[in-house]
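S.K.: Below is final-v6.txt; it holds compact mmCIF, C-alpha atoms and all ligand atoms.
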```txt
# COMPACT_ATOMS: atom_id res chain seq x y z
CA MET A 1 16.94 113.10 -84.86
CA LEU A 2 16.24 115.90 -82.37
CA SER A 3 14.35 118.21 -84.69
CA GLY A 4 10.95 119.08 -83.22
CA LYS A 5 11.67 117.21 -79.98
CA ARG A 6 10.78 118.78 -76.61
CA ILE A 7 13.76 118.38 -74.33
CA LEU A 8 13.69 118.94 -70.59
CA LEU A 9 17.23 119.66 -69.43
CA GLY A 10 17.91 119.04 -65.73
CA VAL A 11 20.98 120.78 -64.34
CA CYS A 12 22.64 119.77 -61.04
CA GLY A 13 25.20 121.56 -58.89
CA GLY A 14 28.56 120.53 -60.27
CA ILE A 15 31.33 122.44 -61.98
CA ALA A 16 30.39 120.90 -65.35
CA ALA A 17 27.15 122.94 -65.15
CA TYR A 18 29.01 125.72 -66.95
CA LYS A 19 28.88 123.54 -70.10
CA THR A 20 25.09 123.41 -70.10
CA ALA A 21 24.85 126.83 -71.75
CA ASN A 22 26.50 125.30 -74.79
CA LEU A 23 24.37 122.17 -74.53
CA VAL A 24 21.17 124.27 -74.65
CA ARG A 25 22.49 126.08 -77.74
CA LEU A 26 23.34 122.83 -79.50
CA PHE A 27 19.91 121.32 -78.72
CA ILE A 28 18.24 124.41 -80.15
CA LYS A 29 20.51 124.35 -83.21
CA SER A 30 19.38 120.75 -83.77
CA GLY A 31 15.79 122.01 -83.99
CA ALA A 32 14.67 120.98 -80.47
CA GLU A 33 12.69 123.05 -77.97
CA VAL A 34 14.32 123.19 -74.54
CA LYS A 35 13.06 123.86 -71.03
CA VAL A 36 15.51 123.89 -68.12
CA VAL A 37 14.92 122.60 -64.58
CA MET A 38 17.71 123.31 -62.10
CA THR A 39 18.55 122.06 -58.61
CA PRO A 40 19.00 124.91 -56.09
CA ALA A 41 22.75 124.10 -55.87
CA SER A 42 23.27 124.42 -59.62
CA LYS A 43 22.51 128.16 -59.46
CA ASP A 44 25.95 128.65 -57.87
CA PHE A 45 27.55 127.30 -61.05
CA VAL A 46 25.40 128.69 -63.86
CA THR A 47 22.73 131.37 -63.66
CA PRO A 48 19.04 130.71 -64.41
CA LEU A 49 19.11 133.93 -66.47
CA THR A 50 21.75 132.48 -68.83
CA LEU A 51 19.80 129.27 -69.33
CA SER A 52 16.41 130.95 -69.65
CA THR A 53 17.79 133.41 -72.21
CA LEU A 54 19.34 130.64 -74.29
CA SER A 55 16.32 128.33 -74.04
CA ASN A 56 13.69 131.05 -74.57
CA HIS A 57 11.76 129.68 -71.58
CA PRO A 58 11.95 130.43 -67.86
CA ALA A 59 14.53 128.27 -66.07
CA TYR A 60 12.67 126.49 -63.26
CA PHE A 61 14.42 125.83 -59.93
CA ASP A 62 11.75 125.90 -57.23
CA PHE A 63 8.21 124.57 -56.75
CA ILE A 64 7.10 128.10 -56.02
CA ASN A 65 7.80 130.97 -58.31
CA GLU A 66 7.71 134.51 -56.98
CA GLU A 67 7.40 136.99 -59.80
CA LYS A 68 6.35 140.63 -59.55
CA GLY A 69 4.83 140.04 -56.13
CA THR A 70 2.64 137.08 -57.14
CA LEU A 71 3.23 133.47 -56.20
CA THR A 72 2.83 130.75 -58.84
CA TRP A 73 3.29 126.99 -58.72
CA ASN A 74 5.88 125.37 -61.03
CA ASN A 75 4.04 122.19 -61.88
CA HIS A 76 6.48 119.26 -62.07
CA VAL A 77 3.78 116.97 -63.49
CA GLU A 78 3.10 119.32 -66.40
CA LEU A 79 6.83 119.73 -67.04
CA GLY A 80 7.34 115.95 -67.01
CA LYS A 81 4.45 115.35 -69.40
CA TRP A 82 5.59 118.16 -71.73
CA ALA A 83 8.90 116.48 -72.48
CA ASP A 84 9.67 114.02 -75.28
CA LEU A 85 12.88 113.29 -73.43
CA MET A 86 14.62 114.39 -70.26
CA VAL A 87 18.38 114.93 -70.07
CA ILE A 88 20.11 115.50 -66.73
CA ALA A 89 23.53 117.03 -67.29
CA PRO A 90 25.56 117.29 -65.21
CA ALA A 91 24.10 114.56 -63.02
CA THR A 92 25.85 114.64 -59.64
CA ALA A 93 26.37 111.64 -57.34
CA SER A 94 23.80 113.07 -54.97
CA THR A 95 21.06 113.55 -57.61
CA LEU A 96 21.76 110.15 -59.20
CA SER A 97 21.46 108.46 -55.81
CA LYS A 98 18.19 110.27 -55.04
CA MET A 99 16.84 109.34 -58.48
CA ALA A 100 17.64 105.68 -57.77
CA GLN A 101 15.79 105.88 -54.44
CA GLY A 102 12.81 107.84 -55.66
CA THR A 103 13.50 110.82 -53.43
CA CYS A 104 11.96 114.02 -54.71
CA ASP A 105 13.01 116.82 -52.42
CA ASN A 106 13.51 119.37 -55.18
CA LEU A 107 11.77 120.36 -58.42
CA LEU A 108 14.23 118.51 -60.68
CA LEU A 109 13.77 115.20 -58.83
CA ALA A 110 9.99 115.54 -58.68
CA THR A 111 9.97 116.29 -62.41
CA TYR A 112 12.13 113.23 -63.13
CA LEU A 113 9.68 111.01 -61.25
CA SER A 114 6.77 112.58 -63.14
CA CYS A 115 8.36 112.24 -66.57
CA PRO A 116 7.15 109.18 -68.53
CA SER A 117 9.52 109.84 -71.45
CA PRO A 118 13.04 108.41 -71.92
CA THR A 119 15.60 109.91 -69.54
CA TYR A 120 19.32 110.36 -70.15
CA VAL A 121 21.89 111.22 -67.47
CA ALA A 122 25.41 112.55 -68.01
CA PRO A 123 27.21 111.79 -64.71
CA ALA A 124 29.85 114.25 -63.56
CA MET A 125 31.89 113.81 -60.39
CA ASP A 126 35.35 113.34 -59.02
CA LEU A 127 37.42 110.23 -59.67
CA ASP A 128 36.90 108.50 -56.31
CA MET A 129 33.21 109.36 -56.15
CA TYR A 130 32.75 107.87 -59.60
CA SER A 131 34.68 104.67 -58.85
CA HIS A 132 32.93 104.20 -55.46
CA PRO A 133 30.88 100.98 -55.36
CA THR A 134 27.84 102.98 -54.22
CA THR A 135 27.94 105.02 -57.41
CA SER A 136 28.28 101.85 -59.50
CA SER A 137 25.25 100.28 -57.84
CA THR A 138 23.30 103.55 -58.21
CA LEU A 139 24.04 103.57 -61.94
CA ASP A 140 23.08 99.87 -62.18
CA THR A 141 19.74 100.61 -60.47
CA LEU A 142 19.06 103.52 -62.82
CA ARG A 143 20.03 101.44 -65.87
CA GLY A 144 17.64 98.75 -64.63
CA ASN A 145 14.93 101.42 -64.41
CA GLY A 146 15.46 102.23 -68.10
CA VAL A 147 17.55 105.38 -67.64
CA HIS A 148 20.19 105.85 -70.37
CA ILE A 149 23.61 106.48 -68.84
CA ILE A 150 25.87 108.64 -71.02
CA PRO A 151 29.45 107.42 -70.50
CA VAL A 152 31.77 109.73 -68.57
CA ASN A 153 35.08 110.88 -69.99
CA SER A 154 38.45 110.30 -68.48
CA GLY A 155 40.91 113.14 -68.06
CA PHE A 156 41.73 116.24 -66.07
CA LEU A 157 39.19 116.90 -63.28
CA ALA A 158 38.34 120.17 -61.54
CA SER A 159 39.81 118.80 -58.30
CA GLY A 160 43.22 118.56 -59.95
CA LEU A 161 43.04 114.76 -60.07
CA GLU A 162 43.07 112.88 -63.31
CA GLY A 163 40.81 109.94 -64.18
CA GLU A 164 37.24 108.92 -64.93
CA GLY A 165 34.33 111.15 -63.95
CA ARG A 166 34.37 114.10 -66.35
CA MET A 167 30.99 114.85 -67.87
CA ALA A 168 30.74 113.97 -71.59
CA GLU A 169 31.14 117.04 -73.81
CA PRO A 170 27.88 118.60 -75.08
CA GLU A 171 28.56 117.30 -78.63
CA GLU A 172 29.10 113.78 -77.21
CA ILE A 173 25.87 114.01 -75.19
CA ILE A 174 23.95 114.91 -78.34
CA ALA A 175 25.62 112.17 -80.41
CA PHE A 176 24.79 109.59 -77.70
CA ILE A 177 21.13 110.62 -77.57
CA GLU A 178 20.81 110.69 -81.37
CA ASN A 179 22.40 107.24 -81.66
CA THR A 180 20.14 105.80 -79.00
CA ILE A 181 17.05 107.20 -80.71
CA ARG A 182 18.26 105.94 -84.12
CA GLU A 183 18.89 102.43 -82.74
CA SER A 184 15.34 102.29 -81.43
CA LEU A 185 13.71 103.18 -84.77
CA PRO A 186 11.96 100.30 -86.60
CA LEU A 187 13.75 100.82 -89.94
CA ASN A 188 17.20 101.33 -88.39
CA ARG A 189 19.89 99.59 -90.52
CA LYS A 190 17.42 99.05 -93.38
CA LYS A 191 18.22 100.39 -96.83
CA ILE A 192 15.10 101.38 -98.75
CA LEU A 193 14.83 102.28 -102.41
CA VAL A 194 11.80 104.31 -103.55
CA SER A 195 10.88 105.35 -107.08
CA ALA A 196 8.54 108.31 -107.53
CA GLY A 197 7.04 110.75 -110.00
CA PRO A 198 6.36 110.42 -113.71
CA THR A 199 8.80 109.65 -116.50
CA ARG A 200 9.21 111.71 -119.65
CA GLU A 201 9.52 110.02 -123.03
CA SER A 202 11.00 112.36 -125.62
CA ILE A 203 9.39 112.92 -129.00
CA ASP A 204 11.84 115.54 -130.19
CA PRO A 205 14.33 117.88 -128.42
CA ILE A 206 11.41 119.98 -127.11
CA ARG A 207 8.45 117.69 -126.51
CA PHE A 208 7.75 114.60 -124.46
CA LEU A 209 5.00 112.17 -123.44
CA SER A 210 4.33 112.03 -119.70
CA ASN A 211 1.52 111.72 -117.13
CA ARG A 212 -0.08 113.62 -114.27
CA SER A 213 1.92 112.13 -111.39
CA THR A 214 3.16 114.80 -108.93
CA GLY A 215 5.38 112.39 -106.97
CA THR A 216 3.79 113.47 -103.65
CA MET A 217 2.89 109.97 -102.43
CA GLY A 218 6.33 108.56 -103.29
CA TYR A 219 8.12 111.48 -101.64
CA GLN A 220 6.06 110.99 -98.47
CA ILE A 221 6.87 107.26 -98.50
CA ALA A 222 10.59 108.12 -98.82
CA LEU A 223 10.41 110.78 -96.09
CA LYS A 224 8.61 108.51 -93.59
CA ALA A 225 11.07 105.68 -94.23
CA PHE A 226 13.88 108.12 -93.43
CA GLU A 227 12.13 109.34 -90.28
CA LEU A 228 11.71 105.70 -89.21
CA GLY A 229 15.50 105.30 -89.37
CA ALA A 230 16.11 103.85 -92.84
CA GLU A 231 18.84 104.82 -95.27
CA VAL A 232 16.79 106.04 -98.23
CA ILE A 233 17.52 106.34 -101.94
CA LEU A 234 14.83 108.10 -103.96
CA VAL A 235 14.91 107.69 -107.74
CA THR A 236 12.63 110.41 -109.00
CA GLY A 237 11.19 111.50 -112.29
CA PRO A 238 10.72 115.24 -112.94
CA VAL A 239 8.43 116.84 -110.32
CA ASN A 240 7.94 120.31 -108.88
CA PRO A 241 10.47 120.92 -106.09
CA ILE A 242 9.57 119.05 -102.87
CA ASP A 243 11.78 119.59 -99.80
CA LEU A 244 13.45 116.53 -98.36
CA PRO A 245 16.06 116.18 -95.61
CA PRO A 246 19.62 116.18 -97.00
CA GLY A 247 20.14 112.66 -95.58
CA ILE A 248 17.97 111.18 -98.36
CA LEU A 249 19.91 110.41 -101.54
CA ARG A 250 17.87 111.85 -104.43
CA VAL A 251 18.65 110.53 -107.90
CA GLU A 252 16.93 112.49 -110.69
CA VAL A 253 15.99 110.77 -113.94
CA GLY A 254 13.94 111.61 -117.02
CA SER A 255 12.87 108.60 -119.06
CA ALA A 256 11.69 105.12 -118.11
CA SER A 257 14.97 103.62 -119.33
CA GLU A 258 16.99 106.05 -117.17
CA MET A 259 14.80 105.15 -114.19
CA SER A 260 15.32 101.46 -114.85
CA ALA A 261 19.11 101.87 -114.98
CA GLU A 262 19.20 103.72 -111.63
CA VAL A 263 16.78 101.34 -109.91
CA HIS A 264 18.84 98.33 -111.03
CA LYS A 265 22.04 100.09 -109.94
CA TYR A 266 20.84 100.55 -106.34
CA PHE A 267 18.49 97.59 -105.90
CA PRO A 268 21.07 94.82 -105.23
CA SER A 269 22.23 96.46 -101.98
CA THR A 270 18.76 97.37 -100.66
CA ASP A 271 16.41 95.55 -98.28
CA CYS A 272 13.25 96.87 -99.87
CA PHE A 273 12.11 98.59 -103.07
CA VAL A 274 8.86 100.56 -103.14
CA SER A 275 7.87 101.39 -106.70
CA THR A 276 5.47 104.33 -106.59
CA ALA A 277 6.63 105.84 -109.89
CA ALA A 278 4.13 106.32 -112.70
CA VAL A 279 6.43 104.85 -115.33
CA ALA A 280 5.43 105.41 -118.96
CA ASP A 281 4.32 102.12 -120.49
CA PHE A 282 5.20 103.24 -124.01
CA THR A 283 7.93 105.36 -125.57
CA PRO A 284 8.41 106.56 -129.17
CA PHE A 285 10.39 104.20 -131.40
CA GLU A 286 12.47 107.14 -132.51
CA VAL A 287 13.22 110.57 -131.11
CA ALA A 288 13.30 113.22 -133.83
CA GLU A 289 16.70 114.88 -133.97
CA HIS A 290 15.19 118.32 -134.59
CA LYS A 291 11.96 120.02 -133.54
CA ILE A 292 9.00 118.52 -135.45
CA LYS A 293 7.45 121.26 -137.56
CA LYS A 294 3.69 121.69 -137.87
CA GLY A 295 3.70 121.51 -141.68
CA LYS A 296 1.46 118.42 -141.85
CA GLU A 297 -2.29 118.23 -141.06
CA SER A 298 -1.84 115.28 -138.75
CA LEU A 299 0.95 113.53 -136.93
CA SER A 300 1.21 110.04 -135.56
CA PHE A 301 3.90 108.19 -133.67
CA GLU A 302 4.64 104.59 -133.34
CA LEU A 303 5.30 103.69 -129.72
CA LYS A 304 7.06 100.69 -128.29
CA LYS A 305 6.59 99.16 -124.87
CA THR A 306 9.01 100.27 -122.13
CA GLU A 307 10.58 97.78 -119.80
CA ASP A 308 8.39 96.99 -116.77
CA ILE A 309 10.95 98.03 -114.15
CA LEU A 310 9.16 96.46 -111.21
CA ALA A 311 8.65 93.15 -112.99
CA SER A 312 12.33 93.08 -114.00
CA VAL A 313 13.35 93.68 -110.37
CA GLY A 314 10.93 90.92 -109.34
CA ARG A 315 12.87 88.51 -111.56
CA VAL A 316 16.21 89.21 -109.83
CA LYS A 317 15.12 89.82 -106.24
CA LEU A 318 16.55 87.60 -103.52
CA GLU A 319 14.53 85.80 -100.84
CA ASN A 320 15.37 88.42 -98.17
CA GLN A 321 14.52 91.46 -100.34
CA VAL A 322 11.06 92.97 -100.11
CA LEU A 323 9.31 94.31 -103.20
CA ILE A 324 6.26 96.56 -103.04
CA GLY A 325 4.32 97.87 -106.01
CA PHE A 326 1.59 100.44 -106.44
CA ALA A 327 -1.39 99.88 -108.70
CA LEU A 328 -3.27 102.93 -109.91
CA GLU A 329 -6.56 101.65 -111.24
CA SER A 330 -9.70 103.26 -112.58
CA ASP A 331 -11.81 100.08 -112.65
CA LYS A 332 -11.62 96.42 -111.54
CA GLY A 333 -8.98 97.60 -109.05
CA VAL A 334 -8.84 94.63 -106.67
CA GLU A 335 -8.65 92.05 -109.45
CA SER A 336 -5.99 93.98 -111.33
CA ALA A 337 -3.86 94.72 -108.23
CA LYS A 338 -3.93 91.07 -107.13
CA SER A 339 -2.90 89.93 -110.59
CA LYS A 340 0.08 92.37 -110.64
CA LEU A 341 1.12 91.13 -107.18
CA VAL A 342 1.61 87.63 -108.60
CA LYS A 343 2.83 88.53 -112.10
CA LYS A 344 5.58 90.88 -110.83
CA ASN A 345 6.67 88.59 -107.95
CA LEU A 346 5.84 91.20 -105.26
CA ASP A 347 5.55 90.87 -101.49
CA ALA A 348 2.78 93.47 -101.40
CA ILE A 349 0.91 95.84 -103.66
CA ALA A 350 -0.90 99.05 -102.71
CA LEU A 351 -4.10 99.60 -104.62
CA ASN A 352 -4.63 103.26 -105.34
CA SER A 353 -8.14 103.39 -106.76
CA LEU A 354 -9.29 106.36 -108.80
CA GLU A 355 -12.84 105.24 -107.95
CA VAL A 356 -12.29 106.54 -104.38
CA LYS A 357 -12.97 110.29 -104.16
CA GLY A 358 -9.86 112.11 -102.88
CA ALA A 359 -7.43 109.33 -103.88
CA GLY A 360 -4.82 109.25 -106.65
CA PHE A 361 -2.89 111.91 -108.60
CA GLY A 362 -2.85 115.60 -107.84
CA THR A 363 -4.74 115.38 -104.54
CA SER A 364 -3.29 116.07 -101.10
CA THR A 365 -5.11 112.99 -99.76
CA ASN A 366 -5.06 109.32 -100.60
CA GLN A 367 -6.59 105.98 -99.71
CA LEU A 368 -4.80 102.67 -100.14
CA THR A 369 -5.58 98.99 -99.79
CA LEU A 370 -2.54 96.79 -99.28
CA PHE A 371 -2.64 93.22 -100.57
CA PHE A 372 0.12 90.94 -99.29
CA LYS A 373 1.52 87.77 -100.83
CA ASN A 374 0.14 85.75 -97.90
CA SER A 375 -3.40 87.04 -98.67
CA LYS A 376 -3.41 89.52 -95.78
CA GLU A 377 -5.16 92.79 -96.59
CA VAL A 378 -4.82 96.17 -94.85
CA VAL A 379 -7.06 99.13 -95.60
CA ILE A 380 -5.50 102.55 -95.03
CA PRO A 381 -8.36 105.05 -94.77
CA LEU A 382 -8.56 108.33 -96.69
CA ALA A 383 -6.20 110.85 -95.07
CA ASP A 384 -3.46 113.33 -96.03
CA LYS A 385 -0.61 111.63 -97.86
CA SER A 386 1.81 112.05 -94.94
CA THR A 387 -0.54 110.11 -92.62
CA VAL A 388 -1.13 107.50 -95.31
CA ALA A 389 2.66 107.08 -95.70
CA SER A 390 3.05 106.50 -91.93
CA GLN A 391 0.31 103.88 -91.93
CA PHE A 392 1.74 102.29 -95.07
CA TRP A 393 5.09 101.73 -93.29
CA GLN A 394 3.36 100.51 -90.13
CA ALA A 395 1.60 97.81 -92.19
CA ILE A 396 4.80 96.88 -94.08
CA ILE A 397 6.87 96.69 -90.86
CA ASP A 398 4.18 94.58 -89.15
CA SER A 399 3.88 92.19 -92.08
CA VAL A 400 7.03 91.82 -94.20
CA LEU A 401 10.02 93.84 -92.96
N1 LIG B 501 5.78 99.89 -113.19
C1 LIG B 501 7.11 99.81 -113.56
N2 LIG B 501 7.48 99.92 -114.86
C2 LIG B 501 6.56 100.12 -115.82
C3 LIG B 501 5.20 100.21 -115.47
C4 LIG B 501 4.83 100.08 -114.15
O1 LIG B 501 7.97 99.63 -112.69
N3 LIG B 501 6.95 100.24 -117.08
C5 LIG B 501 5.40 99.71 -111.78
C6 LIG B 501 4.76 100.91 -111.12
O2 LIG B 501 5.73 101.74 -110.49
C7 LIG B 501 3.81 100.28 -110.12
C8 LIG B 501 3.44 98.95 -110.75
O3 LIG B 501 4.44 98.69 -111.73
O4 LIG B 501 4.45 99.99 -108.90
C9 LIG B 501 2.09 98.94 -111.39
O5 LIG B 501 1.98 99.99 -112.30
P1 LIG B 501 0.63 100.29 -113.07
O6 LIG B 501 0.84 101.50 -113.94
O7 LIG B 501 -0.52 100.30 -112.11
O8 LIG B 501 0.42 99.01 -113.94
P2 LIG B 501 1.13 98.44 -115.21
O9 LIG B 501 1.99 97.31 -114.79
O10 LIG B 501 1.79 99.54 -116.00
O11 LIG B 501 -0.11 97.85 -116.02
P3 LIG B 501 -1.37 98.62 -116.64
O12 LIG B 501 -0.90 99.98 -117.06
O13 LIG B 501 -1.77 97.75 -117.79
O14 LIG B 501 -2.44 98.66 -115.58
```
Could I get this structure in the form of structure tokens?
M.R.:
Amino acid sequence: MLSGKRILLGVCGGIAAYKTANLVRLFIKSGAEVKVVMTPASKDFVTPLTLSTLSNHPAYFDFINEEKGTLTWNNHVELGKWADLMVIAPATASTLSKMAQGTCDNLLLATYLSCPSPTYVAPAMDLDMYSHPTTSSTLDTLRGNGVHIIPVNSGFLASGLEGEGRMAEPEEIIAFIENTIRESLPLNRKKILVSAGPTRESIDPIRFLSNRSTGTMGYQIALKAFELGAEVILVTGPVNPIDLPPGILRVEVGSASEMSAEVHKYFPSTDCFVSTAAVADFTPFEVAEHKIKKGKESLSFELKKTEDILASVGRVKLENQVLIGFALESDKGVESAKSKLVKKNLDAIALNSLEVKGAGFGTSTNQLTLFFKNSKEVVIPLADKSTVASQFWQAIIDSVL
């Protein structure tokens, strides 16, 4: 969830500031980039050198920066705009109250006011300060302003008292932020099944019939669904290795009948099935037990039709399940795609026309036209397959999910 995110960590002057060194490390371990902004008081609890070393960026604590005899301006607006999210931990009663009032008498507060991205605060204070009605109304004001309040812990406090007010542990802060981000994603709580790649139909123990599908489009569709918060199961035919996050369940199959078995195994519990696989339409009647020798001048096979996996899913799908097909066509694309939409009982079909230069198998780009059951059409222009996958999901979310 935090990989690639730019996090601005605000640190206030409270004893819990000593935990921010660990928090910076954990953010970086999660793949985030971190910049630290400190209040002047926080420097008594944790040094800027520690936080700048761990974050690989200067730790900012003043509007003016005096370095090697030159004065430079630490621009709070630039810092605020840089961030994908701002986290203030520990957030003291004083800083929280100033945030609620819009006071900006230090760099951290000015940066908070300049930051348009989501802001999280991890309050940290003594028991009575935390339970004071003023603090409650401050937190209510901030909540009303869209600030995410990370719950405090209860327990032993630095003052010697015991009760509510301890800052959440760094791991808890990260879990809270990740959960909040996940909850806000459009495919959160959706289970998506994707099929991708070619199938291989065996002729003998060594040879098979297959096609040119590389699986790239299907893998991108699976990856984007995962990034949009879905639980993703990818049933894939044999393709060259493509990296995917470990959170995606990858089920590897060979033949069309193996793919069918796995798709039907997972489909009943899913919200949506996207069938991008280039499934073989025919398979040999018989697979030779031993390698076929080249003794004869010619060789012919009798092939039988494979099951149409998508059509068979279309026959069992429930009202609340969404079914999306792909149609790879070399001519009469629109007519053919629209006919498959109806015949296979789909909610939408993506026409992948080989007549469009740069679209189809073995290219890094693609162009799709989506036809929906309700006659809506969406054209996704020629772009790299990752961009096409993002726009594909945008159209599906807007229309049927
Ligand atoms: N499909 C499938 N099982 C098959 C054949 C196709 O599930 N045995 C799915 C594909 O994954 C795709 C859709 O059906 O989502 C359309 O596939 P396509 O190859 O374009 O069309 P076919 O139905 O095979 O018809 P034709 O080859 O005659 O165009």
S.K.: Just to confirm, what's the straight-line distance from atom CA of A:Glu178 to atom CA of A:Ala124 in Å (one decimal)?
M.R.: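 Distance between the two atoms: 20.3 Å.
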S.K.: Excluding A:Glu289 and residues on its chain fewer than 3 positions from it, collect all residues at most 10 Å away from it, counting all atoms listed in the file, and give them as number ranges by chain.
M.R.: A: 203-205, 286, 292
S.K.: Which is closer to ligand LIG 501 (chain B) than all the others in A:Trp73, A:Phe27, A:Phe267, A:Phe282, using only C-alpha atoms and all ligand atoms?
M.R.: A:Phe282
S.K.: With 4 Å added on each side, what axis-aligned box encloses every listed atom of ligand LIG 501 (chain B)? Give the centre and edge lengths in Å to one decimal, as lines of an AutoDock Vina configuration file.
M.R.:
```
center_x = 2.8
center_y = 99.5
center_z = -113.3
size_x = 18.4
size_y = 12.4
size_z = 16.9
```
S.K.: Can you check which parts of chain A lie within 8 Å of ligand LIG 501 (chain B)? Per residue, the shortest pair of atoms and distance in Å to one decimal, counting only C-alpha atoms and all ligand atoms, sorted by chain and number, as a tab-separated table.
M.R.:
```
residue	atom	partner	partner_atom	distance
A:Ser195	CA	B:LIG501	O2	7.2
A:Ala196	CA	B:LIG501	O2	7.7
A:Ala256	CA	B:LIG501	N3	6.9
A:Ser260	CA	B:LIG501	O1	7.9
A:Val274	CA	B:LIG501	O4	7.3
A:Ser275	CA	B:LIG501	O4	4.3
A:Thr276	CA	B:LIG501	O2	4.7
A:Ala277	CA	B:LIG501	O2	4.2
A:Ala278	CA	B:LIG501	O2	5.3
A:Val279	CA	B:LIG501	C2	4.8
A:Ala280	CA	B:LIG501	N3	5.7
A:Asp281	CA	B:LIG501	N3	4.7
A:Phe282	CA	B:LIG501	N3	7.8
A:Lys305	CA	B:LIG501	N3	7.9
A:Thr306	CA	B:LIG501	N3	5.5
A:Glu307	CA	B:LIG501	N3	5.2
A:Asp308	CA	B:LIG501	N3	3.6
A:Ile309	CA	B:LIG501	O1	3.7
A:Leu310	CA	B:LIG501	O1	3.7
A:Ala311	CA	B:LIG501	O1	6.5
A:Ser312	CA	B:LIG501	O1	8.0
A:Ile324	CA	B:LIG501	O4	7.0
A:Gly325	CA	B:LIG501	O4	3.6
A:Phe326	CA	B:LIG501	O4	3.8
A:Ala327	CA	B:LIG501	O7	3.5
A:Leu328	CA	B:LIG501	O7	4.4
A:Glu329	CA	B:LIG501	O7	6.2
A:Ser336	CA	B:LIG501	O14	7.3
A:Ala337	CA	B:LIG501	O7	7.6
A:Lys340	CA	B:LIG501	O9	6.7
A:Lys344	CA	B:LIG501	O3	7.9
A:Ile349	CA	B:LIG501	O4	7.6
```
S.K.: Which is closest to A:Pro198 among A:Pro170, A:Gly80, A:Gly254, A:Gly155, if we use only C-alpha atoms?
M.R.: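 Residue with the minimum atom-to-atom distance to A:Pro198: A:Gly254.
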S.K.: Given only C-alpha atoms as the basis, pick out the residue of A:Val36, A:Ile174, A:Ile150, A:Leu96 nearest to A:Leu2.
M.R.: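 Between A:Val36, A:Ile174, A:Ile150, A:Leu96, the residue approaching A:Leu2 most closely is A:Ile174.
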